[in-house]
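Note sheet for the following structure.
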Amino acid sequence: MLQSVLFRPSNAKRIIFFVFIDLLVSYFTLVLSYDLRFSFQVPLEFNFAVVSVFCVLISLKILLLALFKIYLVPWRFFGLLEALKIFYAHILAYGIFCAIAFFGGAFGNFPLSVIGIDFVISSIFIGAIRISKRIYLENSPKNSPKPAVIFGANTQSATLIKAALNSEIPFYPLAIIEEDEKTFGNYISNLKIYPKSALKELIQKHKIKSAILTRSFSKPPLEGIFNELTQLGIDEIKIANLLKDDTQKTPSEPLKNISIEDLLSRPSKDLDKEVIGAFLKDKRVLITGAGGSIGSEIVRQCVEFGAQRIVLVEHSEFNLYAILEELCSQQNKDFKALLRPCLLSILEKDRFGALINEEKPNIIVHAAAYKHVPLCEYNQKSAIENNIIGSKNVLDSAIEAGVPKVVVISTDKAVRPTNVMGATKRIVELYAQNVESKSSEIVAVRFGNVLGSSGSVVPKFKAQIESGGPITVTHPEITRYFMLIPEACRLVLQAGAIAQGGEIFILDMGEPVKIVDLAKNMLRLYGKENEITIEFSGLRPGEKLYEELLLDESEGKTKYPSIQVARPTKYDIHKLNADITELMQCKNSKEHLAKLKEIVVEFHHNA
């Protein structure tokens, strides 16, 4: 441990080392210069004048080298610019010394020709010592920092270059690429800023294989940069994360690999944190499915935005344990008073109603559901019971208790559904829109796939790549909408905040993504595109090629472009209740499907 600390690089250790080396070199070159001047015939006598010459000249050299910041440059980054600085420092140091010698007469009869010889030898030796390590590193792949190009001229660029100089990252930045024409030709920490058109030449000239992005790029430009860099032969793309922002709760790695989530994500155009904060601050919030992908993120958002009390309803013991462990590991909050974990199924209406009456929540976020399409196809009765009856229990209990706001999580699969899961979610939407809500405002929020959720395609592809492949895609033309979980959950809460009751809000999911393109990009990110194949397994039961978010073109607008409102669908609530009762009485799959088609007229089952 002590040894690792002693030999760990630092600015102070580097400065001390180089100053010591320069003192030794300067002494040696002065003695050598004197011997060369007198052809090694006249021995050097260290009288007062000679000692004065040595002390003053060596001190001037060290001082001028420090003023030119030579001691801040590591060996491996020593180049022509630094060599010129050493030369300029010597000119000034020896010029000042000669001025003192001529006008001060402080050095007696010491031959000034020795000083001229020493000027040449000292410049060569001090520069040669520094460049020797650079030459060694460049010819030693094991120790050599990787040449890299930086994308983005900003504060993070300067921090990145400083980190490279301090050997904190294994990269050697050679140029900065920027799109702002005003910055072209400028320098950041001695690194020139180039236009994007110079990228190909720079990569070929310096044999660059790495790129570092210094800002967050949204999906369209990031995808273009990623494709361009990989086509130019860049093997490694990193995203700099040296500056801590408001969203970072814990220290992170200074550089992270670009991920498929980065390629698919996009910054929220109209996220309104003030509205979300006002919606949640000091409120009592009950969340069903609180241990799932969406529910657990809703819990985190409620913590972040200052909810007074959070009731976590979850039927999976492990999921509930996982989110509690995560939150309770944050030592800056007392979660015992804030959180109430409840192992409870939404099918237990009496217990659920009693919990609502006890906790008296201001907001219920209903995220509990069976969501996996093939599993719901194989277990139709369970899917119908959990998704429809469970949701009906939540809504009826909330209305009975007078809960002010209820937000139901829906899905794009409810639009013209082709599977049982989508049909059940559409029935929940119909119930939420048409039930007599009394004093409760009930709203549904519909969105597509979220990245990284349990059982979704991204974790599946990652596991397949890590196990050696192949990657299985159901169909070459299948597409899906994608959104990051935190973005989706914040927009859900934002929609809930502006809801007046009875709406179905639709989140803007951007452009749909071809799943086969997603698979290809993941292979490129892992560097496995030439090793692992993609196989097409055929559409699964209930799966369709293209998901939709709207039933028709008559959606309404909100003040937020990312949140739209679907046209309401009228359905007599008494008939809907009777239809749901009949649906639960069906004895087999054929009867289930027939009744689902009767309730959801646009349901076309893809078996």
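In the structure tokens, the first chain shown is A, the next is B, and so on; residue numbers restart at 1 for each chain, and ligands run from 1 in the order shown.
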Could you please write out, as a VMD selection string, every residue of region 177-400 of chain A that DSSP assigns to alpha helix (DSSP H)?
chain A and resid 199 to 206 219 to 231 260 to 264 273 to 280 293 to 304 317 to 328 335 to 338 349 to 359 373 to 378 380 to 384 390 to 400
Determine, for each residue of region 37-81 of chain A having at least one atom at most 10 Å from an atom of region 113-127 of chain A, the closest pair of atoms and their separation in Å to one decimal, counting only C-alpha atoms; order by chain and ascending number, as CSV.
residue,atom,partner,partner_atom,distance
A:Arg37,CA,A:Val114,CA,6.2
A:Phe38,CA,A:Val114,CA,9.2
A:Val53,CA,A:Ile115,CA,9.4
A:Leu57,CA,A:Ile115,CA,9.0
A:Lys61,CA,A:Ser122,CA,9.6
A:Phe78,CA,A:Gly127,CA,9.0
A:Gly79,CA,A:Gly127,CA,9.6
A:Leu80,CA,A:Gly127,CA,9.9
Take the selection from the previous step and output its residues with all heavy atoms, as a compact mmCIF listing (two decimals), in the first residue's frame.
# COMPACT_ATOMS: atom_id res chain seq x y z
N ARG A 37 36.40 23.57 -23.17
CA ARG A 37 37.04 24.86 -23.50
C ARG A 37 38.55 24.78 -23.37
O ARG A 37 39.31 25.34 -24.18
CB ARG A 37 36.48 25.94 -22.56
CG ARG A 37 37.24 27.27 -22.51
CD ARG A 37 37.17 28.01 -23.84
NE ARG A 37 37.87 29.28 -23.76
CZ ARG A 37 39.21 29.43 -23.87
NH1 ARG A 37 39.98 28.36 -24.06
NH2 ARG A 37 39.74 30.63 -23.78
N PHE A 38 39.05 24.05 -22.39
CA PHE A 38 40.49 23.97 -22.15
C PHE A 38 41.07 22.60 -22.54
O PHE A 38 42.13 22.21 -22.08
CB PHE A 38 40.80 24.27 -20.68
CG PHE A 38 40.50 25.70 -20.30
CD1 PHE A 38 39.38 26.01 -19.56
CD2 PHE A 38 41.35 26.73 -20.71
CE1 PHE A 38 39.10 27.32 -19.20
CE2 PHE A 38 41.08 28.05 -20.36
CZ PHE A 38 39.95 28.36 -19.61
N VAL A 53 29.29 31.49 -10.27
CA VAL A 53 28.81 31.25 -11.64
C VAL A 53 27.84 30.07 -11.68
O VAL A 53 26.74 30.15 -12.25
CB VAL A 53 30.01 30.99 -12.58
CG1 VAL A 53 29.51 30.46 -13.93
CG2 VAL A 53 30.80 32.26 -12.81
N LEU A 57 23.87 30.71 -12.56
CA LEU A 57 23.43 30.21 -13.86
C LEU A 57 22.42 29.07 -13.71
O LEU A 57 21.39 29.05 -14.40
CB LEU A 57 24.65 29.73 -14.66
CG LEU A 57 24.35 29.31 -16.10
CD1 LEU A 57 23.66 30.42 -16.87
CD2 LEU A 57 25.65 28.91 -16.81
N LYS A 61 18.43 29.09 -14.88
CA LYS A 61 17.85 28.08 -15.76
C LYS A 61 16.60 27.44 -15.14
O LYS A 61 15.56 27.30 -15.79
CB LYS A 61 18.88 26.99 -16.07
CG LYS A 61 19.78 27.33 -17.24
CD LYS A 61 20.42 26.09 -17.83
CE LYS A 61 21.51 25.55 -16.93
NZ LYS A 61 22.22 24.42 -17.57
N PHE A 78 5.88 15.44 -24.06
CA PHE A 78 6.91 16.39 -24.49
C PHE A 78 7.00 16.36 -26.01
O PHE A 78 7.14 15.30 -26.63
CB PHE A 78 8.26 16.01 -23.88
CG PHE A 78 9.35 17.01 -24.16
CD1 PHE A 78 9.51 18.13 -23.36
CD2 PHE A 78 10.18 16.84 -25.25
CE1 PHE A 78 10.50 19.05 -23.63
CE2 PHE A 78 11.17 17.77 -25.53
CZ PHE A 78 11.34 18.88 -24.72
N GLY A 79 6.91 17.55 -26.64
CA GLY A 79 6.94 17.63 -28.09
C GLY A 79 7.72 18.83 -28.56
O GLY A 79 8.49 19.45 -27.81
N LEU A 80 7.51 19.20 -29.83
CA LEU A 80 8.26 20.30 -30.43
C LEU A 80 8.01 21.61 -29.70
O LEU A 80 8.94 22.41 -29.49
CB LEU A 80 7.87 20.43 -31.91
CG LEU A 80 8.54 21.57 -32.68
CD1 LEU A 80 10.07 21.40 -32.70
CD2 LEU A 80 8.00 21.65 -34.10
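With CA of Ile356 (chain A) on one side and CA of Ser391 (chain A) on the other, the separation reads 14.5 Å.
Interatomic distance, CA of Asn386 (chain A) to CA of Val473 (chain A): 28.8 Å.
Between Ser397 (chain A) and the residues A:Ile364, A:Leu81, A:Ala211, A:Ala12, the shortest atom-to-atom distance, using only C-alpha atoms, involves A:Ile364.
Residues within 6 Å of Lys238 (chain A), counting only C-alpha atoms and excluding same-chain residues fewer than 6 positions away, are Ile212, Leu255, Lys256, Asn257 and Ile258 of chain A.
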Quick one: write out the picked residues with C-alpha atoms as a CSV table (one decimal), in the first residue's frame?
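result_38.csv, written as the output of this step:
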chain,number,residue,atom,x,y,z
A,212,ILE,CA,-13.6,11.2,-26.6
A,255,LEU,CA,-14.6,8.2,-19.0
A,256,LYS,CA,-17.3,5.8,-19.9
A,257,ASN,CA,-17.9,3.7,-22.9
A,258,ILE,CA,-20.6,4.8,-25.3
Env of Asp235 (chain A): 12 Å cut, atoms = only C-alpha atoms, seq-sep filter 5 positions within chain, self excluded. Answer as number ranges by chain.
A: 146-148, 203, 207-212, 226-230, 257-258, 524-528
Give me every strand (DSSP E or B) residue in region 136-303 of chain A, going by DSSP on the backbone, as a PDB file with N, CA and C atoms, in the first residue's frame.
ATOM      1  N   LYS A 146      -2.926   6.125 -25.509  1.00  0.00           N
ATOM      2  CA  LYS A 146      -3.514   6.007 -26.832  1.00  0.00           C
ATOM      3  C   LYS A 146      -3.818   7.387 -27.411  1.00  0.00           C
ATOM      4  N   PRO A 147      -3.341   7.676 -28.628  1.00  0.00           N
ATOM      5  CA  PRO A 147      -3.675   8.961 -29.251  1.00  0.00           C
ATOM      6  C   PRO A 147      -5.181   9.063 -29.456  1.00  0.00           C
ATOM      7  N   ALA A 148      -5.723  10.241 -29.189  1.00  0.00           N
ATOM      8  CA  ALA A 148      -7.179  10.411 -29.256  1.00  0.00           C
ATOM      9  C   ALA A 148      -7.533  11.775 -29.813  1.00  0.00           C
ATOM     10  N   VAL A 149      -8.724  11.860 -30.348  1.00  0.00           N
ATOM     11  CA  VAL A 149      -9.278  13.129 -30.789  1.00  0.00           C
ATOM     12  C   VAL A 149     -10.444  13.478 -29.866  1.00  0.00           C
ATOM     13  N   ILE A 150     -10.546  14.757 -29.511  1.00  0.00           N
ATOM     14  CA  ILE A 150     -11.601  15.230 -28.608  1.00  0.00           C
ATOM     15  C   ILE A 150     -12.709  15.865 -29.437  1.00  0.00           C
ATOM     16  N   PHE A 151     -13.949  15.513 -29.135  1.00  0.00           N
ATOM     17  CA  PHE A 151     -15.105  16.132 -29.791  1.00  0.00           C
ATOM     18  C   PHE A 151     -15.732  17.144 -28.844  1.00  0.00           C
ATOM     19  N   PHE A 171      -5.058   8.226 -22.279  1.00  0.00           N
ATOM     20  CA  PHE A 171      -5.196   8.771 -23.623  1.00  0.00           C
ATOM     21  C   PHE A 171      -4.290   9.984 -23.800  1.00  0.00           C
ATOM     22  N   TYR A 172      -3.926  10.229 -25.046  1.00  0.00           N
ATOM     23  CA  TYR A 172      -3.066  11.342 -25.405  1.00  0.00           C
ATOM     24  C   TYR A 172      -3.820  12.194 -26.439  1.00  0.00           C
ATOM     25  N   PRO A 173      -4.548  13.234 -26.011  1.00  0.00           N
ATOM     26  CA  PRO A 173      -5.316  14.050 -26.956  1.00  0.00           C
ATOM     27  C   PRO A 173      -4.394  14.798 -27.922  1.00  0.00           C
ATOM     28  N   LEU A 174      -4.734  14.738 -29.201  1.00  0.00           N
ATOM     29  CA  LEU A 174      -3.921  15.377 -30.233  1.00  0.00           C
ATOM     30  C   LEU A 174      -4.627  16.528 -30.933  1.00  0.00           C
ATOM     31  N   ALA A 175      -5.950  16.552 -30.877  1.00  0.00           N
ATOM     32  CA  ALA A 175      -6.707  17.607 -31.556  1.00  0.00           C
ATOM     33  C   ALA A 175      -8.115  17.684 -30.986  1.00  0.00           C
ATOM     34  N   ILE A 176      -8.747  18.830 -31.207  1.00  0.00           N
ATOM     35  CA  ILE A 176     -10.131  19.042 -30.776  1.00  0.00           C
ATOM     36  C   ILE A 176     -10.978  19.314 -32.019  1.00  0.00           C
ATOM     37  N   ILE A 177     -12.090  18.621 -32.138  1.00  0.00           N
ATOM     38  CA  ILE A 177     -13.020  18.833 -33.254  1.00  0.00           C
ATOM     39  C   ILE A 177     -14.230  19.611 -32.739  1.00  0.00           C
ATOM     40  N   TYR A 187      -6.967  27.623 -29.576  1.00  0.00           N
ATOM     41  CA  TYR A 187      -6.301  26.573 -28.807  1.00  0.00           C
ATOM     42  C   TYR A 187      -6.928  26.452 -27.423  1.00  0.00           C
ATOM     43  N   ILE A 188      -7.008  25.237 -26.934  1.00  0.00           N
ATOM     44  CA  ILE A 188      -7.356  24.965 -25.541  1.00  0.00           C
ATOM     45  C   ILE A 188      -6.220  24.138 -24.964  1.00  0.00           C
ATOM     46  N   LEU A 191      -3.870  22.752 -27.406  1.00  0.00           N
ATOM     47  CA  LEU A 191      -4.429  21.820 -28.385  1.00  0.00           C
ATOM     48  C   LEU A 191      -5.291  22.615 -29.373  1.00  0.00           C
ATOM     49  N   LYS A 192      -5.010  22.453 -30.656  1.00  0.00           N
ATOM     50  CA  LYS A 192      -5.695  23.234 -31.680  1.00  0.00           C
ATOM     51  C   LYS A 192      -7.097  22.710 -31.953  1.00  0.00           C
ATOM     52  N   ILE A 193      -8.020  23.627 -32.242  1.00  0.00           N
ATOM     53  CA  ILE A 193      -9.399  23.277 -32.575  1.00  0.00           C
ATOM     54  C   ILE A 193      -9.540  23.234 -34.094  1.00  0.00           C
ATOM     55  N   TYR A 194     -10.041  22.094 -34.592  1.00  0.00           N
ATOM     56  CA  TYR A 194     -10.193  21.883 -36.029  1.00  0.00           C
ATOM     57  C   TYR A 194     -11.675  21.735 -36.387  1.00  0.00           C
ATOM     58  N   SER A 210      -8.876   6.324 -31.105  1.00  0.00           N
ATOM     59  CA  SER A 210      -9.786   6.602 -29.993  1.00  0.00           C
ATOM     60  C   SER A 210     -10.374   8.003 -30.139  1.00  0.00           C
ATOM     61  N   ALA A 211     -11.603   8.142 -29.686  1.00  0.00           N
ATOM     62  CA  ALA A 211     -12.276   9.450 -29.681  1.00  0.00           C
ATOM     63  C   ALA A 211     -12.964   9.637 -28.337  1.00  0.00           C
ATOM     64  N   ILE A 212     -12.951  10.889 -27.849  1.00  0.00           N
ATOM     65  CA  ILE A 212     -13.570  11.211 -26.564  1.00  0.00           C
ATOM     66  C   ILE A 212     -14.570  12.342 -26.789  1.00  0.00           C
ATOM     67  N   LEU A 213     -15.814  12.116 -26.416  1.00  0.00           N
ATOM     68  CA  LEU A 213     -16.870  13.127 -26.532  1.00  0.00           C
ATOM     69  C   LEU A 213     -16.964  13.893 -25.220  1.00  0.00           C
ATOM     70  N   GLU A 236     -12.439   2.867 -30.430  1.00  0.00           N
ATOM     71  CA  GLU A 236     -12.852   3.130 -29.049  1.00  0.00           C
ATOM     72  C   GLU A 236     -13.433   4.531 -28.954  1.00  0.00           C
ATOM     73  N   ILE A 237     -14.672   4.610 -28.497  1.00  0.00           N
ATOM     74  CA  ILE A 237     -15.337   5.902 -28.320  1.00  0.00           C
ATOM     75  C   ILE A 237     -15.734   6.028 -26.855  1.00  0.00           C
ATOM     76  N   LYS A 238     -15.283   7.100 -26.220  1.00  0.00           N
ATOM     77  CA  LYS A 238     -15.560   7.332 -24.806  1.00  0.00           C
ATOM     78  C   LYS A 238     -16.363   8.621 -24.648  1.00  0.00           C
ATOM     79  N   ILE A 239     -17.100   8.692 -23.538  1.00  0.00           N
ATOM     80  CA  ILE A 239     -17.814   9.919 -23.179  1.00  0.00           C
ATOM     81  C   ILE A 239     -17.203  10.441 -21.891  1.00  0.00           C
ATOM     82  N   ALA A 240     -16.715  11.689 -21.919  1.00  0.00           N
ATOM     83  CA  ALA A 240     -16.068  12.283 -20.748  1.00  0.00           C
ATOM     84  C   ALA A 240     -17.101  12.614 -19.687  1.00  0.00           C
ATOM     85  N   LEU A 255     -14.178   8.544 -17.634  1.00  0.00           N
ATOM     86  CA  LEU A 255     -14.560   8.234 -19.015  1.00  0.00           C
ATOM     87  C   LEU A 255     -15.407   6.976 -19.022  1.00  0.00           C
ATOM     88  N   LYS A 256     -16.492   7.005 -19.786  1.00  0.00           N
ATOM     89  CA  LYS A 256     -17.314   5.804 -19.887  1.00  0.00           C
ATOM     90  C   LYS A 256     -17.489   5.432 -21.347  1.00  0.00           C
ATOM     91  N   ASN A 257     -17.684   4.153 -21.584  1.00  0.00           N
ATOM     92  CA  ASN A 257     -17.901   3.683 -22.947  1.00  0.00           C
ATOM     93  C   ASN A 257     -19.244   4.178 -23.461  1.00  0.00           C
ATOM     94  N   ARG A 284     -48.408  12.626  -0.320  1.00  0.00           N
ATOM     95  CA  ARG A 284     -48.393  11.197   0.025  1.00  0.00           C
ATOM     96  C   ARG A 284     -48.703  10.437  -1.260  1.00  0.00           C
ATOM     97  N   VAL A 285     -47.756   9.587  -1.680  1.00  0.00           N
ATOM     98  CA  VAL A 285     -47.851   8.920  -2.979  1.00  0.00           C
ATOM     99  C   VAL A 285     -47.852   7.409  -2.768  1.00  0.00           C
ATOM    100  N   LEU A 286     -48.815   6.745  -3.390  1.00  0.00           N
ATOM    101  CA  LEU A 286     -48.866   5.281  -3.371  1.00  0.00           C
ATOM    102  C   LEU A 286     -48.553   4.787  -4.780  1.00  0.00           C
ATOM    103  N   ILE A 287     -47.618   3.824  -4.886  1.00  0.00           N
ATOM    104  CA  ILE A 287     -47.176   3.316  -6.181  1.00  0.00           C
ATOM    105  C   ILE A 287     -47.382   1.810  -6.218  1.00  0.00           C
ATOM    106  N   THR A 288     -48.179   1.328  -7.178  1.00  0.00           N
ATOM    107  CA  THR A 288     -48.319  -0.122  -7.365  1.00  0.00           C
ATOM    108  C   THR A 288     -47.233  -0.585  -8.335  1.00  0.00           C
TER     109      THR A 288
END
Quick one: residues within 9 Å of region 373-377 of chain A, only C-alpha atoms counted, chain neighbours fewer than 2 positions away excluded, as a PyMOL selection string?
chain A and resi 370-371+379-384+419-422+540-543+607
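Distances here use only C-alpha atoms; by that measure, the residue among A:Ile161, A:Met483, A:Val365, A:Val445 closest to Gly502 (chain A) is A:Val445.
If you look at CA of Gly277 (chain A) and CA of Lys405 (chain A), they are 15.2 Å away from each other.
Compared by their closest atoms to Glu400 (chain A), and using only C-alpha atoms, the residues A:Gly185, A:Asn434, A:Leu199, A:Phe352 rank with A:Phe352 nearest.
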